[in-house]
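The file final_7.pdb comes next; it holds PDB, C-alpha atoms.
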```
ATOM      1  CA  MET A 162     103.050  59.767  57.283  1.00  0.00           C
ATOM      2  CA  SER A 163     101.954  61.616  60.386  1.00  0.00           C
ATOM      3  CA  ASP A 164     103.045  65.143  61.045  1.00  0.00           C
ATOM      4  CA  HIS A 165     103.023  64.915  64.842  1.00  0.00           C
ATOM      5  CA  LEU A 166     106.491  66.505  65.274  1.00  0.00           C
ATOM      6  CA  ASN A 167     105.478  69.787  63.673  1.00  0.00           C
ATOM      7  CA  HIS A 168     102.033  70.031  65.165  1.00  0.00           C
ATOM      8  CA  PRO A 169     101.277  73.659  66.096  1.00  0.00           C
ATOM      9  CA  ALA A 170      99.467  72.660  69.301  1.00  0.00           C
ATOM     10  CA  HIS A 171     102.752  71.546  70.857  1.00  0.00           C
ATOM     11  CA  PRO A 172     105.104  74.392  71.803  1.00  0.00           C
ATOM     12  CA  SER A 173     108.652  73.993  70.611  1.00  0.00           C
ATOM     13  CA  HIS A 174     111.069  73.288  73.433  1.00  0.00           C
ATOM     14  CA  GLN A 175     114.657  74.201  72.851  1.00  0.00           C
ATOM     15  CA  ALA A 176     117.435  72.181  74.425  1.00  0.00           C
ATOM     16  CA  ILE A 177     119.345  75.362  75.307  1.00  0.00           C
ATOM     17  CA  PRO A 178     117.280  78.296  76.543  1.00  0.00           C
ATOM     18  CA  GLU A 179     117.822  81.703  75.007  1.00  0.00           C
ATOM     19  CA  PHE A 180     120.748  83.617  76.520  1.00  0.00           C
ATOM     20  CA  GLN A 181     119.786  86.506  78.775  1.00  0.00           C
ATOM     21  CA  VAL A 182     122.156  89.106  80.169  1.00  0.00           C
ATOM     22  CA  ARG A 183     122.354  89.144  83.964  1.00  0.00           C
ATOM     23  CA  PRO A 184     121.222  92.468  85.481  1.00  0.00           C
ATOM     24  CA  VAL A 185     124.115  94.392  87.014  1.00  0.00           C
ATOM     25  CA  THR A 186     123.724  95.147  90.720  1.00  0.00           C
ATOM     26  CA  LEU A 187     126.159  96.758  93.128  1.00  0.00           C
ATOM     27  CA  LYS A 188     125.726  93.919  95.606  1.00  0.00           C
ATOM     28  CA  TYR A 189     126.760  91.317  93.049  1.00  0.00           C
ATOM     29  CA  LEU A 190     129.741  93.423  91.907  1.00  0.00           C
ATOM     30  CA  LEU A 191     130.935  93.646  95.521  1.00  0.00           C
ATOM     31  CA  VAL A 192     130.569  89.894  95.924  1.00  0.00           C
ATOM     32  CA  LEU A 193     132.539  89.360  92.712  1.00  0.00           C
ATOM     33  CA  GLN A 194     135.331  91.474  94.215  1.00  0.00           C
ATOM     34  CA  GLY A 195     135.137  90.062  97.742  1.00  0.00           C
ATOM     35  CA  LEU A 196     135.255  86.375  96.863  1.00  0.00           C
ATOM     36  CA  PRO A 197     138.546  86.565  94.935  1.00  0.00           C
ATOM     37  CA  THR A 198     140.029  88.759  97.651  1.00  0.00           C
ATOM     38  CA  LEU A 199     139.200  86.287 100.404  1.00  0.00           C
ATOM     39  CA  GLY A 200     140.240  83.314  98.298  1.00  0.00           C
ATOM     40  CA  VAL A 201     143.613  84.667  97.190  1.00  0.00           C
ATOM     41  CA  VAL A 202     144.528  85.996 100.627  1.00  0.00           C
ATOM     42  CA  ALA A 203     143.386  82.791 102.336  1.00  0.00           C
ATOM     43  CA  LEU A 204     145.403  80.626  99.952  1.00  0.00           C
ATOM     44  CA  GLY A 205     148.442  82.857  99.437  1.00  0.00           C
ATOM     45  CA  ALA A 206     149.230  84.624 102.695  1.00  0.00           C
ATOM     46  CA  PRO A 207     149.657  81.534 104.931  1.00  0.00           C
ATOM     47  CA  SER A 208     152.323  80.093 102.642  1.00  0.00           C
ATOM     48  CA  TYR A 209     154.403  83.246 102.986  1.00  0.00           C
ATOM     49  CA  ALA A 210     153.854  83.351 106.742  1.00  0.00           C
ATOM     50  CA  LEU A 211     154.896  79.709 107.009  1.00  0.00           C
ATOM     51  CA  PHE A 212     158.301  80.465 105.481  1.00  0.00           C
ATOM     52  CA  ASN A 213     158.614  83.837 107.271  1.00  0.00           C
ATOM     53  CA  GLN A 214     158.650  85.879 104.056  1.00  0.00           C
ATOM     54  CA  PRO A 215     156.912  89.192 103.342  1.00  0.00           C
ATOM     55  CA  VAL A 216     153.651  88.939 101.445  1.00  0.00           C
ATOM     56  CA  PRO A 217     153.991  90.327  97.881  1.00  0.00           C
ATOM     57  CA  TRP A 218     150.886  92.505  97.919  1.00  0.00           C
ATOM     58  CA  MET A 219     151.364  93.847  94.395  1.00  0.00           C
ATOM     59  CA  GLU A 220     151.362  90.368  92.866  1.00  0.00           C
ATOM     60  CA  MET A 221     148.464  89.282  95.045  1.00  0.00           C
ATOM     61  CA  SER A 222     146.418  92.299  93.956  1.00  0.00           C
ATOM     62  CA  LEU A 223     147.081  91.384  90.311  1.00  0.00           C
ATOM     63  CA  VAL A 224     145.926  87.815  90.960  1.00  0.00           C
ATOM     64  CA  ILE A 225     142.809  89.119  92.733  1.00  0.00           C
ATOM     65  CA  GLY A 226     142.065  91.303  89.705  1.00  0.00           C
ATOM     66  CA  GLY A 227     142.537  88.358  87.361  1.00  0.00           C
ATOM     67  CA  VAL A 228     140.218  86.108  89.342  1.00  0.00           C
ATOM     68  CA  ALA A 229     137.615  88.884  89.581  1.00  0.00           C
ATOM     69  CA  PHE A 230     137.850  89.381  85.804  1.00  0.00           C
ATOM     70  CA  PHE A 231     137.339  85.652  85.267  1.00  0.00           C
ATOM     71  CA  LEU A 232     134.292  85.572  87.562  1.00  0.00           C
ATOM     72  CA  THR A 233     132.682  88.533  85.788  1.00  0.00           C
ATOM     73  CA  TYR A 234     133.428  86.766  82.492  1.00  0.00           C
ATOM     74  CA  LEU A 235     131.623  83.650  83.750  1.00  0.00           C
ATOM     75  CA  SER A 236     128.747  85.843  84.937  1.00  0.00           C
ATOM     76  CA  SER A 237     128.330  87.266  81.401  1.00  0.00           C
ATOM     77  CA  TYR A 238     128.752  90.859  82.479  1.00  0.00           C
ATOM     78  CA  PRO A 239     129.587  93.474  79.826  1.00  0.00           C
ATOM     79  CA  TRP A 240     133.226  94.337  79.171  1.00  0.00           C
ATOM     80  CA  ARG A 241     133.197  97.603  81.126  1.00  0.00           C
ATOM     81  CA  TYR A 242     132.336  95.752  84.346  1.00  0.00           C
ATOM     82  CA  ARG A 243     134.951  93.086  83.666  1.00  0.00           C
ATOM     83  CA  ILE A 244     137.638  95.737  83.285  1.00  0.00           C
ATOM     84  CA  LEU A 245     136.458  97.627  86.383  1.00  0.00           C
ATOM     85  CA  GLU A 246     136.533  94.456  88.475  1.00  0.00           C
ATOM     86  CA  ALA A 247     139.976  93.532  87.141  1.00  0.00           C
ATOM     87  CA  LEU A 248     141.464  96.954  87.931  1.00  0.00           C
ATOM     88  CA  PHE A 249     139.876  97.530  91.342  1.00  0.00           C
ATOM     89  CA  ALA A 250     142.327  95.520  93.500  1.00  0.00           C
ATOM     90  CA  PRO A 251     145.510  96.699  91.722  1.00  0.00           C
ATOM     91  CA  ALA A 252     144.281 100.301  91.892  1.00  0.00           C
ATOM     92  CA  THR A 253     143.601  99.905  95.613  1.00  0.00           C
ATOM     93  CA  TRP A 254     147.121  98.525  96.123  1.00  0.00           C
ATOM     94  CA  LEU A 255     148.589 101.421  94.124  1.00  0.00           C
ATOM     95  CA  VAL A 256     146.766 104.049  96.186  1.00  0.00           C
ATOM     96  CA  LEU A 257     147.793 102.397  99.444  1.00  0.00           C
ATOM     97  CA  HIS A 258     151.372 102.046  98.196  1.00  0.00           C
ATOM     98  CA  LEU A 259     151.576 105.706  97.220  1.00  0.00           C
ATOM     99  CA  ALA A 260     150.146 106.686 100.607  1.00  0.00           C
ATOM    100  CA  GLY A 261     152.846 104.636 102.341  1.00  0.00           C
ATOM    101  CA  LYS A 262     150.434 102.173 103.976  1.00  0.00           C
ATOM    102  CA  VAL A 263     151.726  99.040 102.201  1.00  0.00           C
TER     103      VAL A 263
END
```

Turn this file's structure into structure tokens for me.
Amino acid sequence: MSDHLNHPAHPSHQAIPEFQVRPVTLKYLLVLQGLPTLGVVALGAPSYALFNQPVPWMEMSLVIGGVAFFLTYLSSYPWRYRILEALFAPATWLVLHLAGKV
């Protein structure tokens, strides 16, 4: 019986490559916060404007944080970055609310 499958001259090719952690960059973190912001506002705000209702900014900031958390989860970022991305939009709403801007 030939041993051609285990021949050392042929490198072993795995079907799934080894997992590597994505390097964390500020630019990518800003994109991961900007995309959910644009998406949620673009999808949510027109429906409230259509029915002449005020936009619930607190709930929208929570949804933005949830979508940003999900995107950082898909990007395989460590937990500290996932939590930071999830809390950034609600914290921004809270600061603006306390300042009387929202």

Enclose all atoms of region 241-247 of chain A listed in the file in an axis-aligned box, grow every side by 5 Å, and hand back centre and edge lengths in Å to one decimal, as AutoDock Vina command-line options.
```
--center_x 136.2 --center_y 95.4 --center_z 84.8 --size_x 17.6 --size_y 14.5 --size_z 17.3
```

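Here, the PyMOL selection byres ((chain A and resi 247-262) around 7) matches Met219, Ser222, Leu223, Ile225, Gly226, Gly227, Ala229, Phe230, Arg243, Ile244, Leu245, Glu246 and Val263 of chain A.
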
Worksheet item: Any idea what's packed within 9 Å of region 190-192 of chain A, counting all atoms listed in the file, ignoring anything in its chain fewer than 5 positions away? Could you give it as a count of residues only?
Response: 5

Discussion item. What's the separation between CA of Ser208 (chain A) and CA of Gln194 (chain A), in Å to one decimal place?
Written reply: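 Distance between the two atoms: 22.1 Å.
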
Worksheet item: With only C-alpha atoms as the atoms that count, which of A:Leu211, A:Leu232, A:Arg183, A:Val216 lies nearest to Gly195 (chain A)?
Response: A:Leu232

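Atom to atom, CA of Pro184 (chain A) and CA of Val224 (chain A) stand 25.7 Å apart.
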
Fill in: Nearest candidate to Val228 (chain A) (options A:Leu204, A:Ala210, A:Thr198, A:Arg241; using only C-alpha atoms)
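With only C-alpha atoms as the atom set, the closest residue is A:Thr198.
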
Practice prompt. Would you mind reading off the distance between CA of Glu220 (chain A) and CA of Thr186 (chain A), one decimal, in Å?
Written response: 28.1 Å
